[in-house]
Every structure is written in structure tokens, then in C-alpha cells.
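Undergrad: Sharing a structure here in C-alpha cells format.
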Amino acid sequence: MKASKRIALVAHDNRKKDLIEWVDWNYKILLNHQLICTGTTGMMVEQALQKKLQSHDNFRFPVKKLKSGPLGGDQQLGAMISEGEIDLMVFFWDPMYSQPHDVDVKALLRITVVYNVPTACNRSTADFLISSPLLTEEYHPRMNDYIDYRNREIT
């Protein structure tokens, strides 16, 4: 991982406001990193950053926008994680409502664990991640070796 991180930002509908508030609060830090978002979240993040940067004439901060989560954005993000293209993820998911794409959400969270990607699912954890000195340093995560799992019978 380089000093400038590739940060995935994802939020379910009921948590988008919380994520945008968090982005608004941390925008100065986020401007030093590349942001990748799913669907509507990406448009909202980009708009929030542009509001903060209005005083900077003609300055645009690009946000890479994937498809909406239910339309394949979660899978796109999972593929990027498996290819080593995401360094950390902030995913404000809604624990109170079942999502039509819950299977995709579970798969996305699973892949972050498999590839040892730091993941925040709530504001407190996101605050700890973004304030870590490791955010602005090179970091070499230790990868788990799953070779033994290939030879085991799944029960």
C-alpha cells in the first residue's frame, strides 16, 4: 500500500446521510486519497466535496463511481479488492433493515476479511481508521495463507 490510499466508500440508503456527514467532517484528509464509491453514494460524496471546494475555482475532485450496490456495484468493489485495487473500505451498512442484496453485502464484507482490507462499518471505526498514522504511510499488510483450506473437507 502506498502512502496515498484507495478508499472505498459505501452506504445503504438509510446511512448515506451519516456517510456524507463523515466525508464532510474529514474532507481535508480524504482529498489526499483516491475515492471509489458505489452508485448514488459516489454522486453524493462528489457533491459534498465540491461544496467544500467551491472557493477553489475550477478544482474538481474526481470520485470513481461504480454501479449501484444492488446493480452489481458490490461485486465490482469485491473484484477490485481481490485485484489489490482497494486499500481500505468504509461501509456504513444498515443493520436494522434487510437489503434485497444482502447476499452481495455479506460477500463483500467476507472478501475484505479474506484480503485483509481494513473495513469500518460504523462511524467510530471509520474515525479510528482515518486518524491512524498508517493512513499516510506505506503499509504492507500481511496476507493470510488459505492454501490449507483447499485440502480440507468443508463441513
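A note on labels: chains of the C-alpha cells are A, B, ... as shown, every chain counts residues from 1, and ligands are counted from 1 in their shown order.
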I'd like the contact shell of Lys67 (chain A) - 12 Å cut-off, only C-alpha atoms, skipping same-chain residues fewer than 6 positions apart - returned as a list of chain:residue names.
TA: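 Skipping anything fewer than 6 positions along the chain leaves A:Val10, A:Ile36, A:Cys37, A:Thr38, A:Gly39, A:Thr40, A:Thr41, A:Gly42, A:Met43, A:Gly73, A:Asp74, A:Gln75, A:Gln76, A:Leu77.
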Undergrad: My list of candidates is A:Lys17, A:Leu88, A:Phe128, A:Gly78. Which is closest to Leu109 (chain A) when distances are computed with only C-alpha atoms?
TA: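 The shortest atom-to-atom distance to Leu109 (chain A) comes from A:Gly78.
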Undergrad: Would you list, as a PyMOL selection string, the residues of chain A that end up in strand (DSSP E or B) under DSSP run on this structure's backbone?
TA: chain A and resi 6-11+34-37+63-65+88-92+119-120
Undergrad: Write out the residues from the selection above, keeping C-alpha atoms, as a compact mmCIF listing (two decimals), in the first residue's frame.
TA:
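Below is the file selection_10.txt, written as the result:
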```
# COMPACT_ATOMS: atom_id res chain seq x y z
CA ARG A 6 -7.50 3.90 -2.42
CA ILE A 7 -10.53 4.23 -0.18
CA ALA A 8 -13.88 2.60 -0.94
CA LEU A 9 -16.92 4.45 0.42
CA VAL A 10 -20.26 2.63 0.51
CA ALA A 11 -23.54 3.32 2.33
CA GLN A 34 -8.38 8.23 -4.21
CA LEU A 35 -12.07 7.60 -3.51
CA ILE A 36 -14.07 4.77 -5.05
CA CYS A 37 -17.81 4.61 -4.38
CA VAL A 63 -14.58 10.19 -7.37
CA LYS A 64 -14.56 6.86 -9.17
CA LYS A 65 -18.17 5.76 -9.29
CA LEU A 88 -9.45 0.29 2.91
CA MET A 89 -13.23 0.40 2.96
CA VAL A 90 -15.77 2.45 4.87
CA PHE A 91 -19.16 0.77 4.54
CA PHE A 92 -21.98 2.28 6.55
CA THR A 119 -13.02 -2.11 6.98
CA ALA A 120 -15.15 0.27 9.02
```
Undergrad: Using only C-alpha atoms, can you tell me which of A:Trp25, A:Phe61, A:Tyr146, A:Tyr97 comes closest to Gln47 (chain A)?
TA: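 For Gln47 (chain A), the nearest of the candidates is A:Phe61.
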Undergrad: From the options A:Asn14, A:Asn122, A:Thr112, A:Ser4, which residue's atoms come nearest to Leu30 (chain A), counting only C-alpha atoms?
TA: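 Comparing A:Asn14, A:Asn122, A:Thr112, A:Ser4 against Leu30 (chain A), the winner is A:Ser4.
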Undergrad: If DSSP is run on the backbone, what residues of chain A are alpha helix (DSSP H)? A reply as an mmCIF file with N, CA and C atoms, in the first residue's frame would be ideal.
TA:
```
data_model
loop_
_atom_site.group_PDB
_atom_site.id
_atom_site.type_symbol
_atom_site.label_atom_id
_atom_site.label_comp_id
_atom_site.auth_asym_id
_atom_site.auth_seq_id
_atom_site.Cartn_x
_atom_site.Cartn_y
_atom_site.Cartn_z
ATOM 1 N N LYS A 16 -26.663 6.832 4.171
ATOM 2 C CA LYS A 16 -25.963 7.757 3.270
ATOM 3 C C LYS A 16 -25.737 9.107 3.933
ATOM 4 N N LYS A 17 -26.738 9.614 4.637
ATOM 5 C CA LYS A 17 -26.608 10.898 5.326
ATOM 6 C C LYS A 17 -25.441 10.849 6.314
ATOM 7 N N ASP A 18 -25.328 9.759 7.053
ATOM 8 C CA ASP A 18 -24.238 9.601 8.025
ATOM 9 C C ASP A 18 -22.878 9.601 7.325
ATOM 10 N N LEU A 19 -22.795 8.894 6.195
ATOM 11 C CA LEU A 19 -21.521 8.833 5.473
ATOM 12 C C LEU A 19 -21.152 10.206 4.913
ATOM 13 N N ILE A 20 -22.119 10.915 4.358
ATOM 14 C CA ILE A 20 -21.841 12.237 3.801
ATOM 15 C C ILE A 20 -21.406 13.192 4.908
ATOM 16 N N GLU A 21 -22.014 13.083 6.054
ATOM 17 C CA GLU A 21 -21.604 13.886 7.217
ATOM 18 C C GLU A 21 -20.154 13.568 7.587
ATOM 19 N N TRP A 22 -19.797 12.289 7.562
ATOM 20 C CA TRP A 22 -18.440 11.858 7.883
ATOM 21 C C TRP A 22 -17.456 12.378 6.838
ATOM 22 N N VAL A 23 -17.827 12.295 5.568
ATOM 23 C CA VAL A 23 -16.983 12.811 4.484
ATOM 24 C C VAL A 23 -16.788 14.310 4.654
ATOM 25 N N ASP A 24 -17.869 15.017 4.955
ATOM 26 C CA ASP A 24 -17.817 16.466 5.164
ATOM 27 C C ASP A 24 -16.845 16.821 6.292
ATOM 28 N N TRP A 25 -16.881 16.057 7.353
ATOM 29 C CA TRP A 25 -16.025 16.288 8.519
ATOM 30 C C TRP A 25 -14.555 15.978 8.205
ATOM 31 N N ASN A 26 -14.309 14.998 7.346
ATOM 32 C CA ASN A 26 -12.954 14.517 7.079
ATOM 33 C C ASN A 26 -12.436 14.858 5.683
ATOM 34 N N TYR A 27 -13.072 15.803 5.008
ATOM 35 C CA TYR A 27 -12.748 16.055 3.602
ATOM 36 C C TYR A 27 -11.285 16.423 3.375
ATOM 37 N N LYS A 28 -10.661 17.155 4.294
ATOM 38 C CA LYS A 28 -9.261 17.562 4.090
ATOM 39 C C LYS A 28 -8.346 16.343 4.027
ATOM 40 N N ILE A 29 -8.632 15.363 4.831
ATOM 41 C CA ILE A 29 -7.838 14.127 4.820
ATOM 42 C C ILE A 29 -8.139 13.330 3.550
ATOM 43 N N LEU A 30 -9.423 13.223 3.203
ATOM 44 C CA LEU A 30 -9.837 12.420 2.053
ATOM 45 C C LEU A 30 -9.291 12.953 0.735
ATOM 46 N N GLY A 39 -22.540 3.532 -6.815
ATOM 47 C CA GLY A 39 -23.713 4.272 -7.263
ATOM 48 C C GLY A 39 -23.982 5.658 -6.732
ATOM 49 N N THR A 40 -25.162 5.798 -6.151
ATOM 50 C CA THR A 40 -25.641 7.076 -5.641
ATOM 51 C C THR A 40 -24.706 7.636 -4.581
ATOM 52 N N THR A 41 -24.117 6.771 -3.790
ATOM 53 C CA THR A 41 -23.176 7.231 -2.770
ATOM 54 C C THR A 41 -22.060 8.036 -3.422
ATOM 55 N N GLY A 42 -21.557 7.578 -4.541
ATOM 56 C CA GLY A 42 -20.487 8.280 -5.242
ATOM 57 C C GLY A 42 -20.892 9.668 -5.677
ATOM 58 N N MET A 43 -22.108 9.800 -6.209
ATOM 59 C CA MET A 43 -22.577 11.127 -6.616
ATOM 60 C C MET A 43 -22.708 12.046 -5.409
ATOM 61 N N MET A 44 -23.204 11.507 -4.306
ATOM 62 C CA MET A 44 -23.384 12.317 -3.103
ATOM 63 C C MET A 44 -22.047 12.734 -2.500
ATOM 64 N N VAL A 45 -21.090 11.827 -2.501
ATOM 65 C CA VAL A 45 -19.750 12.148 -1.986
ATOM 66 C C VAL A 45 -19.108 13.224 -2.843
ATOM 67 N N GLU A 46 -19.199 13.070 -4.153
ATOM 68 C CA GLU A 46 -18.615 14.046 -5.061
ATOM 69 C C GLU A 46 -19.248 15.432 -4.863
ATOM 70 N N GLN A 47 -20.564 15.485 -4.711
ATOM 71 C CA GLN A 47 -21.253 16.756 -4.481
ATOM 72 C C GLN A 47 -20.830 17.383 -3.158
ATOM 73 N N ALA A 48 -20.704 16.573 -2.114
ATOM 74 C CA ALA A 48 -20.294 17.093 -0.808
ATOM 75 C C ALA A 48 -18.887 17.678 -0.876
ATOM 76 N N LEU A 49 -17.990 16.991 -1.582
ATOM 77 C CA LEU A 49 -16.618 17.502 -1.715
ATOM 78 C C LEU A 49 -16.579 18.776 -2.553
ATOM 79 N N GLN A 50 -17.383 18.828 -3.602
ATOM 80 C CA GLN A 50 -17.412 20.032 -4.443
ATOM 81 C C GLN A 50 -17.916 21.235 -3.662
ATOM 82 N N LYS A 51 -18.899 21.024 -2.780
ATOM 83 C CA LYS A 51 -19.383 22.120 -1.938
ATOM 84 C C LYS A 51 -18.261 22.655 -1.057
ATOM 85 N N LYS A 52 -17.491 21.749 -0.501
ATOM 86 C CA LYS A 52 -16.380 22.153 0.365
ATOM 87 C C LYS A 52 -15.310 22.900 -0.415
ATOM 88 N N GLY A 73 -22.616 -3.106 -8.143
ATOM 89 C CA GLY A 73 -21.525 -2.319 -7.571
ATOM 90 C C GLY A 73 -20.771 -3.037 -6.469
ATOM 91 N N ASP A 74 -21.500 -3.817 -5.659
ATOM 92 C CA ASP A 74 -20.839 -4.584 -4.595
ATOM 93 C C ASP A 74 -19.874 -5.608 -5.194
ATOM 94 N N GLN A 75 -20.292 -6.252 -6.291
ATOM 95 C CA GLN A 75 -19.420 -7.223 -6.952
ATOM 96 C C GLN A 75 -18.227 -6.531 -7.601
ATOM 97 N N GLN A 76 -18.460 -5.358 -8.203
ATOM 98 C CA GLN A 76 -17.346 -4.608 -8.790
ATOM 99 C C GLN A 76 -16.313 -4.293 -7.710
ATOM 100 N N LEU A 77 -16.798 -3.836 -6.582
ATOM 101 C CA LEU A 77 -15.898 -3.496 -5.480
ATOM 102 C C LEU A 77 -15.168 -4.739 -4.972
ATOM 103 N N GLY A 78 -15.885 -5.848 -4.862
ATOM 104 C CA GLY A 78 -15.256 -7.105 -4.446
ATOM 105 C C GLY A 78 -14.155 -7.518 -5.408
ATOM 106 N N ALA A 79 -14.402 -7.353 -6.706
ATOM 107 C CA ALA A 79 -13.381 -7.683 -7.709
ATOM 108 C C ALA A 79 -12.166 -6.776 -7.545
ATOM 109 N N MET A 80 -12.400 -5.494 -7.292
ATOM 110 C CA MET A 80 -11.282 -4.561 -7.099
ATOM 111 C C MET A 80 -10.466 -4.944 -5.867
ATOM 112 N N ILE A 81 -11.144 -5.387 -4.812
ATOM 113 C CA ILE A 81 -10.444 -5.822 -3.603
ATOM 114 C C ILE A 81 -9.580 -7.036 -3.915
ATOM 115 N N SER A 82 -10.153 -8.011 -4.631
ATOM 116 C CA SER A 82 -9.396 -9.231 -4.933
ATOM 117 C C SER A 82 -8.221 -8.963 -5.872
ATOM 118 N N ASP A 102 -28.647 -8.530 0.290
ATOM 119 C CA ASP A 102 -27.894 -8.919 1.491
ATOM 120 C C ASP A 102 -26.790 -9.934 1.199
ATOM 121 N N VAL A 103 -27.046 -10.829 0.261
ATOM 122 C CA VAL A 103 -26.041 -11.842 -0.092
ATOM 123 C C VAL A 103 -24.794 -11.152 -0.649
ATOM 124 N N ASP A 104 -24.987 -10.124 -1.475
ATOM 125 C CA ASP A 104 -23.859 -9.383 -2.049
ATOM 126 C C ASP A 104 -23.086 -8.638 -0.964
ATOM 127 N N VAL A 105 -23.817 -8.065 -0.019
ATOM 128 C CA VAL A 105 -23.195 -7.322 1.083
ATOM 129 C C VAL A 105 -22.336 -8.267 1.914
ATOM 130 N N LYS A 106 -22.893 -9.427 2.235
ATOM 131 C CA LYS A 106 -22.145 -10.412 3.016
ATOM 132 C C LYS A 106 -20.893 -10.857 2.256
ATOM 133 N N ALA A 107 -21.026 -11.070 0.957
ATOM 134 C CA ALA A 107 -19.868 -11.476 0.141
ATOM 135 C C ALA A 107 -18.807 -10.377 0.120
ATOM 136 N N LEU A 108 -19.239 -9.118 0.026
ATOM 137 C CA LEU A 108 -18.290 -8.002 0.023
ATOM 138 C C LEU A 108 -17.543 -7.918 1.350
ATOM 139 N N LEU A 109 -18.262 -8.023 2.444
ATOM 140 C CA LEU A 109 -17.607 -7.973 3.755
ATOM 141 C C LEU A 109 -16.675 -9.170 3.948
ATOM 142 N N ARG A 110 -17.082 -10.321 3.443
ATOM 143 C CA ARG A 110 -16.231 -11.519 3.531
ATOM 144 C C ARG A 110 -14.929 -11.318 2.768
ATOM 145 N N ILE A 111 -15.012 -10.735 1.572
ATOM 146 C CA ILE A 111 -13.814 -10.570 0.741
ATOM 147 C C ILE A 111 -12.838 -9.583 1.384
ATOM 148 N N THR A 112 -13.355 -8.604 2.132
ATOM 149 C CA THR A 112 -12.438 -7.679 2.825
ATOM 150 C C THR A 112 -11.653 -8.420 3.899
ATOM 151 N N VAL A 113 -12.290 -9.398 4.521
ATOM 152 C CA VAL A 113 -11.586 -10.187 5.541
ATOM 153 C C VAL A 113 -10.569 -11.107 4.872
ATOM 154 N N VAL A 114 -10.974 -11.772 3.790
ATOM 155 C CA VAL A 114 -10.071 -12.681 3.083
ATOM 156 C C VAL A 114 -8.804 -11.944 2.624
ATOM 157 N N ARG A 123 -19.341 4.713 12.350
ATOM 158 C CA ARG A 123 -18.630 5.991 12.432
ATOM 159 C C ARG A 123 -17.390 5.900 13.327
ATOM 160 N N SER A 124 -17.515 5.248 14.460
ATOM 161 C CA SER A 124 -16.373 5.172 15.380
ATOM 162 C C SER A 124 -15.182 4.474 14.741
ATOM 163 N N THR A 125 -15.432 3.356 14.094
ATOM 164 C CA THR A 125 -14.345 2.632 13.450
ATOM 165 C C THR A 125 -13.769 3.442 12.291
ATOM 166 N N ALA A 126 -14.632 4.104 11.534
ATOM 167 C CA ALA A 126 -14.167 4.960 10.442
ATOM 168 C C ALA A 126 -13.289 6.088 10.982
ATOM 169 N N ASP A 127 -13.680 6.665 12.110
ATOM 170 C CA ASP A 127 -12.870 7.723 12.737
ATOM 171 C C ASP A 127 -11.502 7.191 13.156
ATOM 172 N N PHE A 128 -11.464 5.991 13.711
ATOM 173 C CA PHE A 128 -10.180 5.398 14.106
ATOM 174 C C PHE A 128 -9.307 5.140 12.880
ATOM 175 N N LEU A 129 -9.902 4.599 11.813
ATOM 176 C CA LEU A 129 -9.122 4.306 10.602
ATOM 177 C C LEU A 129 -8.537 5.579 9.993
ATOM 178 N N ILE A 130 -9.364 6.599 9.859
ATOM 179 C CA ILE A 130 -8.914 7.803 9.157
ATOM 180 C C ILE A 130 -7.915 8.606 9.996
ATOM 181 N N ILE A 147 -4.039 -21.739 1.711
ATOM 182 C CA ILE A 147 -3.699 -22.942 0.956
ATOM 183 C C ILE A 147 -4.236 -24.206 1.646
ATOM 184 N N ASP A 148 -4.209 -24.227 2.982
ATOM 185 C CA ASP A 148 -4.680 -25.412 3.705
ATOM 186 C C ASP A 148 -6.176 -25.628 3.516
ATOM 187 N N TYR A 149 -6.923 -24.582 3.214
ATOM 188 C CA TYR A 149 -8.356 -24.721 3.048
ATOM 189 C C TYR A 149 -8.717 -25.516 1.797
ATOM 190 N N ARG A 150 -7.858 -25.522 0.813
ATOM 191 C CA ARG A 150 -8.125 -26.263 -0.417
ATOM 192 C C ARG A 150 -8.155 -27.765 -0.184
#
```
